[in-house]
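Enquirer: My questions will all concern the structure given below.
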Amino acid sequence: MQRARQPRVGVFVCHCGINIAGVVKVPDLVAEASLLPGVVTARDYVYCCSDPGQKIIRDAVRNDRLERVVVACCSPTLHEGTFRNACAEAGLNPYLCEIANIREQCAWVTADRDAATAKALGIIKTAIAKATLDRPLEPVGLPLTKRALVVGAGIAGIQASLDIANAGYDVVLVDKEPSIGGHMAQLSETFPTLDCSQCILTPRTVETGRHPRIRLLTYSEVASVSGFVGNFKVRIRLKPRYVDFDSCTGCGLCMEKCPGRAESAFERGMTRRKAIYRLLPQAVPNRPVIDPEACMYMKKGKCGTCARICPTQAIRFDDTERFVEEEVGAIVLATGYELLDATRLGSYGVADVPDVIDGLAFERLLSASGPTSGEVKRPSDGKVPKHVVFVQCAGSRDSTSGVPYCSKICCMYTAKQAILYKHRVHDGEATVCYIDVRTPGKGFEEFYRRATDEGIQYLRGKVSKIFRQGDKVIIWTADTLAGRKLELEADMVVLSTAVVANPAGVELARRLKIQLDPHGFMTEAHPKLRPVETLAAGFFLAGCGQGPKDIPETVSQASAAAAKVLALFGQDKMFHSPTTAEVDEDVCVGCGYCERTCAYDAVKVDSARRIAVVNPALCEGCGACGVACPSGAISHRNFTRQAICSMIGQD
């Protein structure tokens, strides 16, 4: 049997500045690589990813008639696409280019220069072995539905929806609340400019509600998503509103007369709302919903006042949940955040002291549409507090009872709230207990200085305990700058509780198989190069579902996610990587192990033929099916068992 000809291989070693060259002996590595079987050229350059570096590769492909290219550099996550594109420009199939990762897997983890050089050579050998067995591949062309789904209608979802819709594409905007705006709708003013939150937000919510290209589905949740990038099928659950959306005019008469009451989550439990309600006066859409747990008619069959007085007969006590299906090509996840349950911070007395509240509750006290119409009053007795203590890092940077990360926005919104408190209560005293103050934004340091200039006292020290004594709240803390313990007496305490991932967003991400970090925030494909994309094609991230952010950063990321969607929709056809799984039908017995193992629902067993079938549009090439297959019938294109064994067999 005639032995297959060894393809002509070119090896290109990147210095990566001193990231690689500072540890690996690059000249020695190039000399050794040039002697390997099949290698016809070996070159090095300071930055192979630069334009001159790519030109070296392109010229070598043409002049040396290269049939395979191996670039020894950083992670393929960073620049595999870069070097494959360079090969394609020179006329070589891009899937005949392999990356030998000698930075993360060698230079960054191996201190000894001789050992690092030897290890780098071994990595290059394995890449050459794989490249030798690679086959030319072509991307898979797929149809594209140019319609987007945005999940979450806070400021991130609103911004992304408007950007996509204003570019001429239809958007389905889904939110679990009766109206849009998210947590921004609860704020009084925003830092560092002290703009009225509603003055900024309301024009956007109104535009969203009236936009001809945005289909707004509030009081709704995404039940399931099937399909693949460019061709998703989304099933959305519409929760029963018990008010006919089309008939209702939003006159509010039903809310005026309703005798039912329930605690208002929007007002952070500081007041009670009606059983038929809307979240706020500026609600979009301006339609109420009925809370069946608070409605006397739905619980006991009594009352029915709203139905009797409604001038348009819009009340529907027999309403049930419904499902609608939408076809979209891309999905933006803007699921938002919640605040850490402050009762977890047992030493802060949240459950026992009514005048210890979180920052969002204080925002509602400051808001003109809040429970006190903007007057700062104690929840316990309605009196004006003359001394308010703000406790920063309440659950943030606390691995014991909270979360280990910084919540990013607390320093600034605490300064804002302290300033606004002083504006409301001129003779009041505001004290901020902090670990350290972080002001990493435009105008933030100046805003913090404004707070101190207006007489707000900052005490550096961690609060250890908060409890009630008479009608006062006692705070045990320390002044670490003065080196002494302190006992403060206050009328009210405001906790800057940690920002955590929205539990509903976490649950949705798990159902969609979106990667989460240890804290429940959705993980981007790459923190620098792909910050708004996910590893699941077609899903994009915006806002605090990815991590704590302030409003400007949230809006910026939302527009970035929208730009990615528009770039996708700008194509006539979708192209998917061909490095997917494939089935040897002569070997497959249809056992179904691959189908049960696949995390992307890309493999299905054809019940009639008893053979596994791979949907290349869904397959992400993870290789799990190949591992699970007991007969070896399913493998990964350009990552066959033969290639793996060849790589393992290198010295």
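Each chain in the structure tokens gets a letter, A, B, ..., in the order shown, and its residues are numbered from 1; ligands are numbered from 1 in order too.
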So that each row is one residue of region 238-345 of chain A with an atom at most 9 Å from region 559-581 of chain A, can you give its shortest atom pair and the distance in Å to one decimal, using only C-alpha atoms, rows by chain and rising number, as JSON lines?
Expert:
```
{"residue": "A:Gly329", "atom": "CA", "partner": "A:Phe569", "partner_atom": "CA", "distance": 8.0}
{"residue": "A:Ala330", "atom": "CA", "partner": "A:Val565", "partner_atom": "CA", "distance": 6.4}
{"residue": "A:Ile331", "atom": "CA", "partner": "A:Val565", "partner_atom": "CA", "distance": 8.2}
{"residue": "A:Val332", "atom": "CA", "partner": "A:Ala561", "partner_atom": "CA", "distance": 7.0}
```
Enquirer: Could you give me, as a PyMOL selection string, each residue of region 284-532 of chain A that DSSP assigns to strand (DSSP E or B) when run on this structure's backbone?
Expert: chain A and resi 289-290+315+322-328+330-333+337-339+356-358+387-394+429-434+457-460+465-469+472-479+484-490+492-497+499-501+516+522+526+530
Enquirer: If you count only C-alpha atoms, which residues fall within 7 Å of Ala275 (chain A), apart from same-chain ones fewer than 5 positions away, as a compact mmCIF listing (two decimals) with C-alpha atoms, in the first residue's frame?
Expert:
```
# COMPACT_ATOMS: atom_id res chain seq x y z
CA CYS A 258 -60.64 48.49 44.23
CA GLY A 260 -58.16 44.79 47.74
CA ARG A 261 -54.65 45.38 49.02
CA ALA A 262 -51.26 43.65 48.74
CA ILE A 290 -55.09 41.93 38.55
CA ASP A 291 -53.18 40.13 41.29
CA ALA A 294 -55.07 39.84 46.47
CA CYS A 295 -58.34 40.01 44.51
```
Enquirer: Using only C-alpha atoms, which residues sit within 8 Å of Glu321 (chain A) once same-chain residues fewer than 5 positions away are excluded, as a PyMOL selection string?
Expert: chain A and resi 237-240
Enquirer: Name the residues in contact with Gly209 (chain A) at a cut-off of 7 Å, using only C-alpha atoms, excluding same-chain residues fewer than 3 positions from it; report them as a PyMOL selection string.
Expert: chain A and resi 205-206+216+284-285
Enquirer: Using only C-alpha atoms, which of the listed residues (A:Ser407, A:Thr110, A:Ser373, A:Ser607) sits closest to Lys549 (chain A)?
Expert: A:Ser407
Enquirer: Can you pull out the residues contacting Glu595 (chain A)? Cut-off 8 Å, using only C-alpha atoms, and skip same-chain residues under 6 positions away; I want them as a PyMOL selection string.
Expert: chain A and resi 601-605+612+625
Enquirer: Would you put the residues from that selection into a file with N, CA, C and O atoms, as a CSV table (one decimal), in the first residue's frame?
Expert:
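Ended up saving to part.csv:
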```csv
chain,number,residue,atom,x,y,z
A,601,ASP,N,-28.7,19.9,21.5
A,601,ASP,CA,-29.9,19.3,20.7
A,601,ASP,C,-29.6,19.2,19.2
A,601,ASP,O,-30.5,19.3,18.4
A,602,ALA,N,-28.3,19.0,18.9
A,602,ALA,CA,-27.9,18.9,17.5
A,602,ALA,C,-27.9,17.5,16.9
A,602,ALA,O,-27.9,17.4,15.7
A,603,VAL,N,-28.0,16.5,17.8
A,603,VAL,CA,-28.0,15.1,17.3
A,603,VAL,C,-29.3,14.5,17.6
A,603,VAL,O,-29.8,14.5,18.7
A,604,LYS,N,-29.9,13.9,16.6
A,604,LYS,CA,-31.2,13.2,16.8
A,604,LYS,C,-31.1,11.8,16.0
A,604,LYS,O,-30.4,11.7,15.0
A,605,VAL,N,-31.7,10.8,16.6
A,605,VAL,CA,-31.7,9.5,16.0
A,605,VAL,C,-32.9,9.4,15.1
A,605,VAL,O,-34.0,9.6,15.5
A,612,ALA,N,-28.1,8.0,13.7
A,612,ALA,CA,-28.0,9.3,14.3
A,612,ALA,C,-27.7,10.3,13.1
A,612,ALA,O,-27.0,10.1,12.2
A,625,CYS,N,-20.4,14.1,21.9
A,625,CYS,CA,-21.1,13.0,21.3
A,625,CYS,C,-20.1,11.9,20.9
A,625,CYS,O,-20.3,10.7,21.0
```
Enquirer: Identify, on the basis of only C-alpha atoms, every residue whose closest approach to region 471-477 of chain A does not exceed 6 Å; exclude the query and any residue fewer than 6 positions from it along the same chain; express the result as a count of residues only.
Expert: 10
Enquirer: Distance CA of Gly428 (chain A)-CA of Val391 (chain A), one decimal place?
Expert: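 CA of Val391 (chain A) lies at a distance of 16.8 Å from CA of Gly428 (chain A).
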Enquirer: As number ranges by chain, please: all residues of region 229-457 of chain A that backbone DSSP puts in helix (DSSP H, G or I).
Expert: A: 253-257, 296-300, 305-309, 342-344, 346-348, 359-366, 410-424, 444-453
Enquirer: Pick the closest to Asp112 (chain A) from A:Gly22, A:Ala165, A:Arg213, A:Cys645: which is it, counting only C-alpha atoms?
Expert: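 So, comparing all the options, the nearest one is A:Gly22.
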Enquirer: Between A:Arg68, A:Arg103, A:Arg272, A:Arg8, which one has atoms that come closest to Val26 (chain A), using only C-alpha atoms?
Expert: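 Answer, going by the shortest atom-to-atom distance: A:Arg103.
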Enquirer: Calculated over only C-alpha atoms, which of the candidates A:Asn502, A:Ser179, A:Ser347, A:Asn19 has the smallest distance to Ala107 (chain A)?
Expert: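 Between A:Asn502, A:Ser179, A:Ser347, A:Asn19, the residue approaching Ala107 (chain A) most closely is A:Asn19.
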Enquirer: Can you work out which one of A:Leu333, A:Gln457, A:Ala100, A:Arg596 has the shortest atom-to-atom distance to Ile514 (chain A), counting only C-alpha atoms?
Expert: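 Checking each of A:Leu333, A:Gln457, A:Ala100, A:Arg596 against Ile514 (chain A), counting only C-alpha atoms, the winner is A:Leu333.
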Enquirer: Which residue is closest to Ile102 (chain A)? Choose from A:Phe232, A:Phe12, A:Tyr413, A:Tyr448 and count only C-alpha atoms.
Expert: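 Nearest to Ile102 (chain A): A:Phe12.
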Enquirer: Would you compute the distance between CA of Thr400 (chain A) and CA of Ala430 (chain A)? Give it in Å to one decimal.
Expert: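 CA of Ala430 (chain A) lies at a distance of 28.0 Å from CA of Thr400 (chain A).
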